[in-house]
$ cat upload_23.cif   # mmCIF, C-alpha atoms
data_my_file
#
loop_
_atom_site.label_atom_id
_atom_site.label_comp_id
_atom_site.auth_asym_id
_atom_site.auth_seq_id
_atom_site.Cartn_x
_atom_site.Cartn_y
_atom_site.Cartn_z
CA MET A 1 11.46 -29.26 14.70
CA LEU A 2 11.65 -26.02 16.67
CA VAL A 3 8.49 -23.93 16.43
CA SER A 4 8.44 -20.49 17.99
CA ILE A 5 4.97 -19.05 18.57
CA TYR A 6 3.88 -15.55 19.54
CA ARG A 7 1.95 -15.81 22.78
CA TYR A 8 -0.18 -13.13 24.33
CA ASN A 9 -3.17 -13.43 26.58
CA PRO A 10 -4.08 -9.89 27.64
CA GLU A 11 -5.95 -11.18 30.70
CA VAL A 12 -2.82 -12.83 32.11
CA ASP A 13 0.30 -11.53 30.36
CA ASP A 14 1.80 -8.10 30.80
CA ALA A 15 3.56 -8.29 27.44
CA PRO A 16 3.65 -10.64 24.45
CA TYR A 17 6.44 -13.23 24.36
CA MET A 18 7.69 -15.99 22.06
CA GLN A 19 7.26 -19.57 23.25
CA ASP A 20 9.30 -22.41 21.77
CA TYR A 21 7.89 -25.87 21.09
CA ASN A 22 9.93 -28.88 20.04
CA ILE A 23 7.80 -31.21 18.00
CA ASP A 24 8.50 -34.43 16.10
CA LEU A 25 7.37 -34.22 12.52
CA PRO A 26 6.30 -37.49 10.88
CA ALA A 27 9.02 -38.66 8.49
CA GLY A 28 8.44 -38.63 4.74
CA LYS A 29 5.58 -36.12 4.90
CA ASP A 30 5.60 -32.39 4.31
CA LEU A 31 2.93 -31.10 6.68
CA MET A 32 1.19 -27.78 6.32
CA VAL A 33 1.84 -25.15 8.98
CA LEU A 34 -1.74 -25.56 10.22
CA ASP A 35 -1.10 -29.28 10.83
CA VAL A 36 1.91 -28.33 12.95
CA LEU A 37 -0.25 -25.88 14.91
CA ASN A 38 -2.82 -28.63 15.48
CA ILE A 39 -0.07 -30.91 16.85
CA ILE A 40 1.02 -28.12 19.21
CA LYS A 41 -2.60 -27.43 20.20
CA ALA A 42 -2.91 -31.09 21.24
CA GLN A 43 0.10 -30.58 23.56
CA ASP A 44 -0.83 -27.13 24.79
CA PRO A 45 -4.57 -26.41 24.39
CA ALA A 46 -4.12 -22.75 25.38
CA VAL A 47 -2.45 -21.89 22.04
CA SER A 48 -5.04 -19.88 20.09
CA TYR A 49 -5.48 -19.40 16.36
CA ARG A 50 -8.31 -19.18 13.85
CA ARG A 51 -8.94 -21.97 11.38
CA SER A 52 -11.88 -23.35 9.54
CA CYS A 53 -11.82 -24.96 6.10
CA ARG A 54 -8.13 -26.04 6.22
CA GLU A 55 -7.89 -25.82 2.41
CA GLY A 56 -7.22 -22.17 1.60
CA VAL A 57 -10.80 -21.17 0.87
CA CYS A 58 -12.15 -19.52 4.03
CA GLY A 59 -9.20 -17.22 4.75
CA SER A 60 -9.35 -17.70 8.55
CA ASP A 61 -5.78 -18.75 9.27
CA GLY A 62 -3.83 -15.87 7.80
CA MET A 63 -0.65 -15.40 9.85
CA ASN A 64 2.96 -14.39 9.61
CA MET A 65 5.14 -17.45 9.04
CA SER A 66 8.88 -16.81 9.42
CA GLY A 67 8.38 -13.23 8.30
CA LYS A 68 5.96 -13.76 5.42
CA ASN A 69 2.19 -13.52 5.57
CA GLY A 70 0.19 -16.44 4.24
CA LEU A 71 -2.47 -19.04 4.98
CA ALA A 72 -1.16 -21.67 7.41
CA CYS A 73 -3.36 -24.38 5.87
CA ILE A 74 -1.81 -24.21 2.39
CA THR A 75 1.78 -23.31 3.29
CA PRO A 76 4.06 -26.36 3.59
CA VAL A 77 6.41 -26.39 6.56
CA SER A 78 9.35 -26.92 4.18
CA GLU A 79 8.51 -23.57 2.58
CA ALA A 80 7.78 -21.63 5.79
CA ALA A 81 10.63 -22.86 8.00
CA LYS A 82 13.96 -21.08 7.88
CA ASN A 83 17.12 -22.85 9.08
CA GLY A 84 15.03 -25.63 10.58
CA LYS A 85 12.98 -23.19 12.67
CA LEU A 86 9.39 -22.10 12.18
CA VAL A 87 8.42 -18.72 13.63
CA LEU A 88 4.69 -18.00 13.81
CA ARG A 89 3.37 -14.53 14.57
CA PRO A 90 -0.04 -12.88 14.15
CA LEU A 91 -0.71 -10.75 11.06
CA PRO A 92 1.33 -7.55 11.56
CA GLY A 93 -0.33 -4.19 12.17
CA LEU A 94 -3.66 -5.35 13.59
CA PRO A 95 -4.47 -5.43 17.33
CA VAL A 96 -3.86 -8.86 18.86
CA VAL A 97 -6.85 -10.45 20.62
CA ARG A 98 -4.89 -13.46 21.79
CA ASP A 99 -1.84 -15.37 20.48
CA LEU A 100 -2.29 -15.60 16.68
CA VAL A 101 -5.82 -14.18 16.68
CA VAL A 102 -6.06 -10.56 15.52
CA ASP A 103 -8.89 -8.04 15.61
CA MET A 104 -9.90 -7.62 11.96
CA GLY A 105 -12.27 -4.69 12.67
CA GLN A 106 -10.17 -2.05 10.92
CA PHE A 107 -9.73 -4.28 7.90
CA TYR A 108 -13.47 -4.89 7.57
CA LYS A 109 -14.20 -1.19 8.06
CA GLN A 110 -12.14 -0.39 4.98
CA TYR A 111 -13.88 -3.16 3.08
CA GLU A 112 -17.27 -1.75 4.08
CA LYS A 113 -16.18 1.72 2.91
CA ILE A 114 -15.83 0.67 -0.74
CA LYS A 115 -19.45 -0.59 -0.83
CA PRO A 116 -18.68 -4.20 -1.77
CA PHE A 117 -21.98 -4.91 -3.45
CA LEU A 118 -23.46 -4.37 -6.90
CA ILE A 119 -25.29 -1.07 -7.27
CA ASN A 120 -27.69 -0.76 -10.19
CA ASP A 121 -30.40 1.92 -10.42
CA ALA A 122 -32.22 0.32 -13.35
CA PRO A 123 -35.27 -1.80 -12.49
CA ALA A 124 -34.38 -5.46 -12.32
CA PRO A 125 -35.13 -7.26 -15.59
CA ALA A 126 -37.30 -10.37 -15.74
CA ILE A 127 -34.19 -12.49 -16.16
CA GLU A 128 -30.72 -11.90 -14.72
CA ARG A 129 -28.63 -8.88 -15.76
CA LEU A 130 -26.63 -10.20 -18.68
CA GLN A 131 -22.90 -9.80 -19.30
CA SER A 132 -20.93 -10.72 -22.39
CA PRO A 133 -18.12 -13.24 -21.88
CA GLU A 134 -15.66 -10.35 -22.41
CA GLU A 135 -17.31 -8.23 -19.72
CA ARG A 136 -17.29 -11.19 -17.34
CA GLU A 137 -13.62 -11.82 -18.07
CA LYS A 138 -12.74 -8.41 -16.60
CA LEU A 139 -13.70 -9.70 -13.15
CA ASP A 140 -11.20 -12.56 -13.25
CA GLY A 141 -8.36 -12.01 -10.81
CA LEU A 142 -10.61 -9.72 -8.74
CA TYR A 143 -13.57 -11.73 -7.48
CA GLU A 144 -11.40 -14.56 -6.08
CA CYS A 145 -10.30 -12.54 -3.02
CA ILE A 146 -11.18 -14.36 0.24
CA LEU A 147 -10.48 -11.41 2.58
CA CYS A 148 -7.77 -13.20 4.57
CA ALA A 149 -6.01 -9.83 5.13
CA CYS A 150 -2.56 -11.23 4.27
CA CYS A 151 -2.02 -8.45 1.72
CA SER A 152 -3.26 -5.45 3.70
CA THR A 153 -1.28 -6.48 6.78
CA ALA A 154 1.88 -6.80 4.66
CA CYS A 155 1.47 -3.20 3.46
CA PRO A 156 3.39 -0.45 5.33
CA SER A 157 0.92 2.17 4.05
CA PHE A 158 -1.87 0.19 5.72
CA TRP A 159 0.20 -0.20 8.90
CA TRP A 160 0.65 3.57 9.25
CA ASN A 161 -2.81 4.66 8.10
CA PRO A 162 -5.27 1.79 8.54
CA ASP A 163 -8.07 4.30 9.14
CA LYS A 164 -7.49 6.30 5.96
CA PHE A 165 -5.85 4.04 3.36
CA VAL A 166 -8.29 1.45 2.03
CA GLY A 167 -5.50 -1.11 1.63
CA PRO A 168 -4.75 -3.58 -1.16
CA SER A 169 -7.59 -5.96 -0.35
CA GLY A 170 -10.26 -3.25 -0.21
CA LEU A 171 -8.96 -1.64 -3.39
CA LEU A 172 -8.93 -4.94 -5.26
CA GLN A 173 -12.60 -5.29 -4.28
CA ALA A 174 -13.27 -1.65 -5.19
CA TYR A 175 -11.96 -2.31 -8.69
CA ARG A 176 -13.97 -5.52 -8.88
CA PHE A 177 -17.13 -3.34 -8.76
CA LEU A 178 -15.67 -0.50 -10.84
CA ALA A 179 -14.91 -3.00 -13.59
CA ASP A 180 -18.33 -4.67 -13.42
CA SER A 181 -20.43 -3.79 -16.47
CA ARG A 182 -23.63 -4.23 -14.43
CA ASP A 183 -22.67 -1.65 -11.80
CA THR A 184 -24.01 1.87 -12.38
CA ALA A 185 -22.37 3.66 -9.44
CA THR A 186 -18.94 3.94 -11.10
CA GLN A 187 -18.75 7.75 -10.82
CA ASP A 188 -19.81 7.80 -7.15
CA ARG A 189 -17.34 5.04 -6.36
CA LEU A 190 -14.51 6.98 -8.05
CA SER A 191 -15.46 10.20 -6.23
CA GLU A 192 -15.25 8.37 -2.91
CA LEU A 193 -11.70 7.24 -3.75
CA ASP A 194 -10.33 10.51 -5.14
CA ASP A 195 -8.45 11.81 -2.10
CA PRO A 196 -4.77 11.72 -1.04
CA PHE A 197 -5.19 8.61 1.14
CA SER A 198 -7.78 6.07 0.01
CA VAL A 199 -5.96 4.99 -3.18
CA PHE A 200 -2.92 7.20 -3.51
CA ARG A 201 -1.20 6.12 -0.32
CA CYS A 202 -0.19 3.05 -2.33
CA HIS A 203 3.43 3.51 -3.39
CA GLY A 204 3.49 0.36 -5.46
CA ILE A 205 5.95 -1.70 -3.42
CA MET A 206 3.95 -4.84 -4.26
CA ASN A 207 4.19 -6.55 -0.86
CA CYS A 208 0.53 -7.44 -1.43
CA VAL A 209 1.30 -9.30 -4.66
CA ASN A 210 4.19 -11.06 -2.97
CA VAL A 211 2.06 -12.56 -0.19
CA CYS A 212 -1.41 -13.10 -1.73
CA PRO A 213 -2.20 -16.81 -1.16
CA LYS A 214 -4.62 -16.74 -4.08
CA GLY A 215 -2.03 -15.30 -6.49
CA LEU A 216 -4.00 -12.08 -7.08
CA ASN A 217 -2.52 -8.73 -8.02
CA PRO A 218 -3.89 -5.79 -5.99
CA THR A 219 -1.18 -3.44 -7.30
CA LYS A 220 -2.46 -3.93 -10.84
CA ALA A 221 -6.04 -3.24 -9.70
CA ILE A 222 -4.86 -0.07 -7.93
CA GLY A 223 -3.13 0.99 -11.16
CA SER A 224 -6.41 0.46 -13.01
CA ILE A 225 -8.29 2.60 -10.46
CA ARG A 226 -5.68 5.35 -10.94
CA SER A 227 -6.15 5.16 -14.72
CA MET A 228 -9.93 5.44 -14.31
CA LEU A 229 -9.51 8.48 -12.04
CA LEU A 230 -7.07 10.04 -14.50
CA GLN A 231 -9.35 9.41 -17.48
CA ARG A 232 -12.24 10.98 -15.62
CA ALA A 233 -10.25 14.06 -14.65
CA THR A 234 -8.43 14.88 -17.90
CA MET B 1 -13.49 10.09 1.16
CA VAL B 2 -10.68 11.29 3.39
CA THR B 3 -10.44 15.08 3.45
CA GLN B 4 -7.04 16.71 3.90
CA ILE B 5 -6.21 20.39 3.72
CA THR B 6 -2.45 20.13 3.99
CA SER B 7 -1.78 18.01 0.90
CA PHE B 8 -0.44 19.85 -2.14
CA GLY B 9 -3.48 19.90 -4.39
CA ARG B 10 -6.11 18.50 -2.00
CA SER B 11 -6.89 15.76 -4.52
CA GLY B 12 -4.92 12.54 -4.42
CA LEU B 13 -4.96 12.32 -8.18
CA TYR B 14 -3.59 15.84 -8.60
CA ASP B 15 -0.78 15.23 -6.10
CA TRP B 16 0.06 11.93 -7.76
CA MET B 17 0.21 13.49 -11.23
CA MET B 18 2.29 16.47 -10.02
CA GLN B 19 4.68 14.07 -8.32
CA ARG B 20 5.22 12.28 -11.63
CA ILE B 21 5.47 15.40 -13.78
CA SER B 22 7.96 17.03 -11.39
CA ALA B 23 9.95 13.79 -11.35
CA ILE B 24 10.21 13.87 -15.16
CA VAL B 25 11.37 17.51 -15.12
CA LEU B 26 13.97 16.73 -12.45
CA ALA B 27 15.20 13.70 -14.37
CA LEU B 28 15.57 15.72 -17.58
CA TYR B 29 17.36 18.54 -15.72
CA SER B 30 19.73 16.13 -13.97
CA VAL B 31 20.55 14.34 -17.22
CA PHE B 32 21.14 17.68 -18.94
CA ILE B 33 23.43 19.09 -16.20
CA ILE B 34 25.43 15.86 -15.89
CA GLY B 35 25.67 15.57 -19.68
CA TYR B 36 26.81 19.19 -19.96
CA LEU B 37 29.51 18.68 -17.32
CA VAL B 38 30.70 15.45 -18.95
CA LEU B 39 30.80 16.99 -22.44
CA ASN B 40 32.65 20.08 -21.16
CA PRO B 41 35.51 18.80 -19.01
CA ASP B 42 37.42 22.09 -19.22
CA LEU B 43 34.51 24.21 -18.11
CA THR B 44 35.33 27.88 -17.41
CA TYR B 45 33.42 30.32 -15.22
CA GLU B 46 32.47 32.43 -18.28
CA GLN B 47 31.03 29.43 -20.09
CA TRP B 48 29.08 28.28 -17.02
CA SER B 49 27.63 31.72 -16.25
CA GLY B 50 26.97 32.20 -19.97
CA LEU B 51 24.85 29.08 -19.95
CA PHE B 52 22.73 30.43 -17.10
CA GLU B 53 22.34 33.84 -18.77
CA THR B 54 20.32 32.35 -21.60
CA THR B 55 16.56 32.71 -21.11
CA TRP B 56 15.76 29.06 -21.93
CA MET B 57 18.25 27.82 -19.31
CA ARG B 58 16.76 30.16 -16.71
CA ILE B 59 13.26 28.89 -17.49
CA PHE B 60 14.50 25.29 -17.45
CA SER B 61 16.23 25.91 -14.09
CA LEU B 62 13.13 27.61 -12.70
CA MET B 63 11.03 24.63 -13.78
CA ALA B 64 13.49 22.32 -12.04
CA LEU B 65 13.42 24.52 -8.94
CA LEU B 66 9.61 24.52 -8.80
CA SER B 67 9.69 20.77 -9.37
CA VAL B 68 12.03 20.32 -6.40
CA GLY B 69 9.61 22.31 -4.27
CA ILE B 70 6.49 20.44 -5.42
CA HIS B 71 8.14 17.02 -5.40
CA SER B 72 9.64 17.42 -1.94
CA TRP B 73 6.44 18.91 -0.51
CA ILE B 74 4.31 15.98 -1.71
CA GLY B 75 6.95 13.48 -0.62
CA LEU B 76 7.60 14.93 2.82
CA TRP B 77 3.89 15.51 3.37
CA SER B 78 3.37 11.78 2.73
CA VAL B 79 6.21 10.84 5.06
CA SER B 80 4.95 13.16 7.81
CA THR B 81 1.38 11.82 7.62
CA ASP B 82 2.78 8.28 7.78
CA TYR B 83 5.13 8.64 10.71
CA ILE B 84 4.21 11.72 12.76
CA LYS B 85 0.96 10.98 14.53
CA ALA B 86 0.85 13.94 16.91
CA THR B 87 -1.02 16.73 15.09
CA GLY B 88 0.99 19.62 16.56
CA VAL B 89 4.36 18.10 15.72
CA ARG B 90 3.16 17.10 12.26
CA PHE B 91 1.87 20.59 11.54
CA LEU B 92 5.15 22.09 12.73
CA PHE B 93 7.13 19.72 10.50
CA GLN B 94 4.91 20.56 7.52
CA ALA B 95 5.21 24.28 8.26
CA VAL B 96 9.03 24.03 8.33
CA CYS B 97 8.97 22.08 5.04
CA GLY B 98 6.64 24.65 3.47
CA LEU B 99 8.82 27.53 4.61
CA ALA B 100 11.98 25.81 3.32
CA MET B 101 10.27 25.20 -0.04
CA PHE B 102 9.25 28.88 -0.25
CA VAL B 103 12.71 30.15 0.72
CA TYR B 104 14.48 27.90 -1.76
CA ILE B 105 12.24 29.00 -4.62
CA VAL B 106 12.53 32.73 -3.88
CA TRP B 107 16.27 32.42 -3.28
CA GLY B 108 16.64 30.36 -6.46
CA ILE B 109 14.84 32.97 -8.53
CA GLN B 110 17.13 35.65 -7.04
CA VAL B 111 20.19 33.59 -7.95
CA LEU B 112 18.98 32.80 -11.47
CA TRP B 113 18.05 36.35 -12.37
CA GLY B 114 20.77 38.01 -10.30
CA LEU B 115 23.73 36.68 -12.27
#

$ encode --input "upload_23.cif" --output "structure tokens"
Amino acid sequence: MLVSIYRYNPEVDDAPYMQDYNIDLPAGKDLMVLDVLNIIKAQDPAVSYRRSCREGVCGSDGMNMSGKNGLACITPVSEAAKNGKLVLRPLPGLPVVRDLVVDMGQFYKQYEKIKPFLINDAPAPAIERLQSPEEREKLDGLYECILCACCSTACPSFWWNPDKFVGPSGLLQAYRFLADSRDTATQDRLSELDDPFSVFRCHGIMNCVNVCPKGLNPTKAIGSIRSMLLQRAT
Amino acid sequence: MVTQITSFGRSGLYDWMMQRISAIVLALYSVFIIGYLVLNPDLTYEQWSGLFETTWMRIFSLMALLSVGIHSWIGLWSVSTDYIKATGVRFLFQAVCGLAMFVYIVWGIQVLWGL
């Protein structure tokens, strides 16, 4: 199989380029893209990428596979390859450190901005802060995010304004704390988001939903934040 | 919180709501005008100018005109902040858009009430 990989080593290369590798896939097995990368790495140890858990939990190996963002470890080659060719590029929109490794700084900055931790002014009770099963249910589909950045780097609004627009991942997390019955900073959180960029740069094109490897729906969460802002203001 | 002084209402929520309200007005106006033209295939000048002499039609047209201004301002402001990264060029683009919006509204009012 022909695998084309984005190569760039800023210490050596003047410009990024695509390098082709011809590899023999074992018959009768549908490998994951990460397995293919490992085979290539054995041939050419200079090829760089991030990986850790190899089972879609850590979110390290987010990359662009034949045009679509996803986790290499849980994407089968049969799904990622187009016309017998697999094209691997780094996540779009973020600065490339080397080959498929991107600088996630801007992404984490936006995550930090939404204060991704529970804020509660009340003194801690003797036991844990209780939630009803219904209140807990509201966090389903929000807390599962692994911060792989597949969604935010598939979003044109994040590409053009990564410093101002929080991005789908950050906003999903923002809503995770807005929806939490134990969090008391709801009003402050909403005030932080009520500007023309942080939330409202989302135009609802749903690229984030299309690529999320965990099957989450940031667009729906963004809609819920909008509704909360609207309810507060009318 | 990202502060912006060139957006329409300075609040993202306000801009977003105005964008939707103006879109509804424009949709209603378009449906009405197209419907009127379809239902009156033999339209005469007298009938057409008569329609625009009624006060409700003038108010409806003015609403549509203001909606065009608001809708296009919010839309083009978004586009310019997405794609034009040089502040001077972006400001110039926004100034031209703002001027065009102002001219169209004043001119439109003149047309509507000048018939």

$ interface_residues --input "upload_23.cif" --of "chain A" --to "chain B" --cutoff "6 Å" --atoms "only C-alpha atoms" --output "list in words"
Trp160, Glu192, Leu193, Asp194, Asp195, Pro196 and Phe200 of chain A

$ resolve_selection --input "upload_23.cif" --expression "the PyMOL selection byres ((chain A and resi 100) around 8)" --output "ChimeraX atom specification"
/A:6-7,48-50,63,88-91,96-99,101-102

$ atom_distance --input "upload_23.cif" --atom1 "atom CA of Asp44 of chain A" --atom2 "atom CA of Gly93 of chain A"
26.2 Å

$ resolve_selection --input "upload_23.cif" --expression "the PyMOL selection byres ((chain A and resi 165-168) around 7)" --output "list in words"
Gln110, Cys151, Ser152, Phe158, Asn161, Pro162, Asp163, Lys164, Ser169, Gly170, Leu171, Leu172, Phe197, Ser198, Val199, Arg201, Cys208 and Pro218 of chain A

$ residues_around --input "upload_23.cif" --residues "Asp140 of chain A" --least-positions-apart "5" --cutoff "12 Å" --atoms "all atoms listed in the file" --output "VMD selection string"
chain A and resid 133 to 135 145 172 to 173 175 to 177 179 to 180 215 to 217 221

$ write_last_selection --input "upload_23.cif" --atoms "C-alpha atoms" --output "short mmCIF file (atom, residue, chain, number, x, y, z; two decimals), keeping the file's coordinate frame"
data_model
loop_
_atom_site.label_atom_id
_atom_site.label_comp_id
_atom_site.auth_asym_id
_atom_site.auth_seq_id
_atom_site.Cartn_x
_atom_site.Cartn_y
_atom_site.Cartn_z
CA PRO A 133 -18.12 -13.24 -21.88
CA GLU A 134 -15.66 -10.35 -22.41
CA GLU A 135 -17.31 -8.23 -19.72
CA CYS A 145 -10.30 -12.54 -3.02
CA LEU A 172 -8.93 -4.94 -5.26
CA GLN A 173 -12.60 -5.29 -4.28
CA TYR A 175 -11.96 -2.31 -8.69
CA ARG A 176 -13.97 -5.52 -8.88
CA PHE A 177 -17.13 -3.34 -8.76
CA ALA A 179 -14.91 -3.00 -13.59
CA ASP A 180 -18.33 -4.67 -13.42
CA GLY A 215 -2.03 -15.30 -6.49
CA LEU A 216 -4.00 -12.08 -7.08
CA ASN A 217 -2.52 -8.73 -8.02
CA ALA A 221 -6.04 -3.24 -9.70
#

$ residues_around --input "upload_23.cif" --residues "Gln43 of chain A" --least-positions-apart "5" --cutoff "10 Å" --atoms "only C-alpha atoms" --output "PyMOL selection string"
chain A and resi 21+23+37-38

$ resolve_selection --input "upload_23.cif" --expression "the PyMOL selection byres ((chain A and resi 65) around 7)" --output "count of residues only"
11

$ residues_around --input "upload_23.cif" --residues "Val57 of chain A" --least-positions-apart "6" --cutoff "10 Å" --atoms "all atoms listed in the file" --output "VMD selection string"
chain A and resid 71 73 to 74 144 to 148 213 to 214

$ residues_near_point --input "upload_23.cif" --point "(4.7, 21.8, 10.1)" --cutoff "12 Å" --atoms "only C-alpha atoms" --output "list in words"
Thr6, Ser7, Trp73, Leu76, Trp77, Ser80, Thr81, Ile84, Ala86, Thr87, Gly88, Val89, Arg90, Phe91, Leu92, Phe93, Gln94, Ala95, Val96, Cys97, Gly98, Leu99 and Ala100 of chain B

$ residues_around --input "upload_23.cif" --residues "Gly114 of chain B" --least-positions-apart "3" --cutoff "12 Å" --atoms "all atoms listed in the file" --output "PyMOL selection string"
chain B and resi 49+52-53+58+106-111

$ atom_distance --input "upload_23.cif" --atom1 "atom CA of Glu128 of chain A" --atom2 "atom CA of Ser224 of chain A"
27.3 Å

$ residues_around --input "upload_23.cif" --residues "Ser52 of chain A" --least-positions-apart "4" --cutoff "12 Å" --atoms "all atoms listed in the file" --output "PyMOL selection string"
chain A and resi 34+56-62+71-73

$ build_atoms --input "upload_23.cif" --residues "segment 26-49 of chain B" --atoms "N, CA and C atoms" --output "PDB file, in the coordinates of the input"
ATOM      1  N   LEU B  26      12.714  16.875 -13.198  1.00  0.00           N
ATOM      2  CA  LEU B  26      13.970  16.730 -12.450  1.00  0.00           C
ATOM      3  C   LEU B  26      14.917  15.747 -13.117  1.00  0.00           C
ATOM      4  N   ALA B  27      14.360  14.679 -13.674  1.00  0.00           N
ATOM      5  CA  ALA B  27      15.200  13.700 -14.370  1.00  0.00           C
ATOM      6  C   ALA B  27      15.847  14.332 -15.593  1.00  0.00           C
ATOM      7  N   LEU B  28      15.027  15.069 -16.379  1.00  0.00           N
ATOM      8  CA  LEU B  28      15.570  15.720 -17.580  1.00  0.00           C
ATOM      9  C   LEU B  28      16.658  16.735 -17.194  1.00  0.00           C
ATOM     10  N   TYR B  29      16.398  17.525 -16.145  1.00  0.00           N
ATOM     11  CA  TYR B  29      17.360  18.540 -15.720  1.00  0.00           C
ATOM     12  C   TYR B  29      18.666  17.902 -15.256  1.00  0.00           C
ATOM     13  N   SER B  30      18.530  16.820 -14.469  1.00  0.00           N
ATOM     14  CA  SER B  30      19.730  16.130 -13.970  1.00  0.00           C
ATOM     15  C   SER B  30      20.546  15.566 -15.128  1.00  0.00           C
ATOM     16  N   VAL B  31      19.855  14.923 -16.075  1.00  0.00           N
ATOM     17  CA  VAL B  31      20.550  14.340 -17.220  1.00  0.00           C
ATOM     18  C   VAL B  31      21.260  15.447 -18.009  1.00  0.00           C
ATOM     19  N   PHE B  32      20.550  16.572 -18.190  1.00  0.00           N
ATOM     20  CA  PHE B  32      21.140  17.680 -18.940  1.00  0.00           C
ATOM     21  C   PHE B  32      22.395  18.221 -18.248  1.00  0.00           C
ATOM     22  N   ILE B  33      22.287  18.506 -16.940  1.00  0.00           N
ATOM     23  CA  ILE B  33      23.430  19.090 -16.200  1.00  0.00           C
ATOM     24  C   ILE B  33      24.618  18.122 -16.189  1.00  0.00           C
ATOM     25  N   ILE B  34      24.340  16.842 -15.914  1.00  0.00           N
ATOM     26  CA  ILE B  34      25.430  15.860 -15.890  1.00  0.00           C
ATOM     27  C   ILE B  34      26.050  15.729 -17.275  1.00  0.00           C
ATOM     28  N   GLY B  35      25.195  15.664 -18.293  1.00  0.00           N
ATOM     29  CA  GLY B  35      25.670  15.570 -19.680  1.00  0.00           C
ATOM     30  C   GLY B  35      26.530  16.763 -20.053  1.00  0.00           C
ATOM     31  N   TYR B  36      26.069  17.962 -19.637  1.00  0.00           N
ATOM     32  CA  TYR B  36      26.810  19.190 -19.960  1.00  0.00           C
ATOM     33  C   TYR B  36      28.192  19.168 -19.304  1.00  0.00           C
ATOM     34  N   LEU B  37      28.231  18.725 -18.038  1.00  0.00           N
ATOM     35  CA  LEU B  37      29.510  18.680 -17.320  1.00  0.00           C
ATOM     36  C   LEU B  37      30.449  17.629 -17.918  1.00  0.00           C
ATOM     37  N   VAL B  38      29.878  16.517 -18.364  1.00  0.00           N
ATOM     38  CA  VAL B  38      30.700  15.450 -18.950  1.00  0.00           C
ATOM     39  C   VAL B  38      31.255  15.897 -20.307  1.00  0.00           C
ATOM     40  N   LEU B  39      30.379  16.571 -21.096  1.00  0.00           N
ATOM     41  CA  LEU B  39      30.800  16.990 -22.440  1.00  0.00           C
ATOM     42  C   LEU B  39      31.740  18.195 -22.409  1.00  0.00           C
ATOM     43  N   ASN B  40      31.760  18.924 -21.274  1.00  0.00           N
ATOM     44  CA  ASN B  40      32.650  20.080 -21.160  1.00  0.00           C
ATOM     45  C   ASN B  40      33.598  19.903 -19.984  1.00  0.00           C
ATOM     46  N   PRO B  41      34.619  19.061 -20.154  1.00  0.00           N
ATOM     47  CA  PRO B  41      35.510  18.800 -19.010  1.00  0.00           C
ATOM     48  C   PRO B  41      36.322  20.024 -18.603  1.00  0.00           C
ATOM     49  N   ASP B  42      36.626  20.902 -19.561  1.00  0.00           N
ATOM     50  CA  ASP B  42      37.420  22.090 -19.220  1.00  0.00           C
ATOM     51  C   ASP B  42      36.523  23.303 -19.080  1.00  0.00           C
ATOM     52  N   LEU B  43      35.512  23.169 -18.249  1.00  0.00           N
ATOM     53  CA  LEU B  43      34.510  24.210 -18.110  1.00  0.00           C
ATOM     54  C   LEU B  43      35.114  25.451 -17.430  1.00  0.00           C
ATOM     55  N   THR B  44      34.851  26.630 -18.028  1.00  0.00           N
ATOM     56  CA  THR B  44      35.330  27.880 -17.410  1.00  0.00           C
ATOM     57  C   THR B  44      34.154  28.586 -16.758  1.00  0.00           C
ATOM     58  N   TYR B  45      34.476  29.567 -15.900  1.00  0.00           N
ATOM     59  CA  TYR B  45      33.420  30.320 -15.220  1.00  0.00           C
ATOM     60  C   TYR B  45      32.554  31.057 -16.240  1.00  0.00           C
ATOM     61  N   GLU B  46      33.211  31.655 -17.281  1.00  0.00           N
ATOM     62  CA  GLU B  46      32.470  32.430 -18.280  1.00  0.00           C
ATOM     63  C   GLU B  46      31.448  31.557 -18.996  1.00  0.00           C
ATOM     64  N   GLN B  47      31.910  30.345 -19.366  1.00  0.00           N
ATOM     65  CA  GLN B  47      31.030  29.430 -20.090  1.00  0.00           C
ATOM     66  C   GLN B  47      29.833  29.025 -19.217  1.00  0.00           C
ATOM     67  N   TRP B  48      30.119  28.728 -17.971  1.00  0.00           N
ATOM     68  CA  TRP B  48      29.080  28.280 -17.020  1.00  0.00           C
ATOM     69  C   TRP B  48      28.067  29.393 -16.754  1.00  0.00           C
ATOM     70  N   SER B  49      28.569  30.637 -16.510  1.00  0.00           N
ATOM     71  CA  SER B  49      27.630  31.720 -16.250  1.00  0.00           C
ATOM     72  C   SER B  49      26.919  32.125 -17.534  1.00  0.00           C
TER      73      SER B  49
END
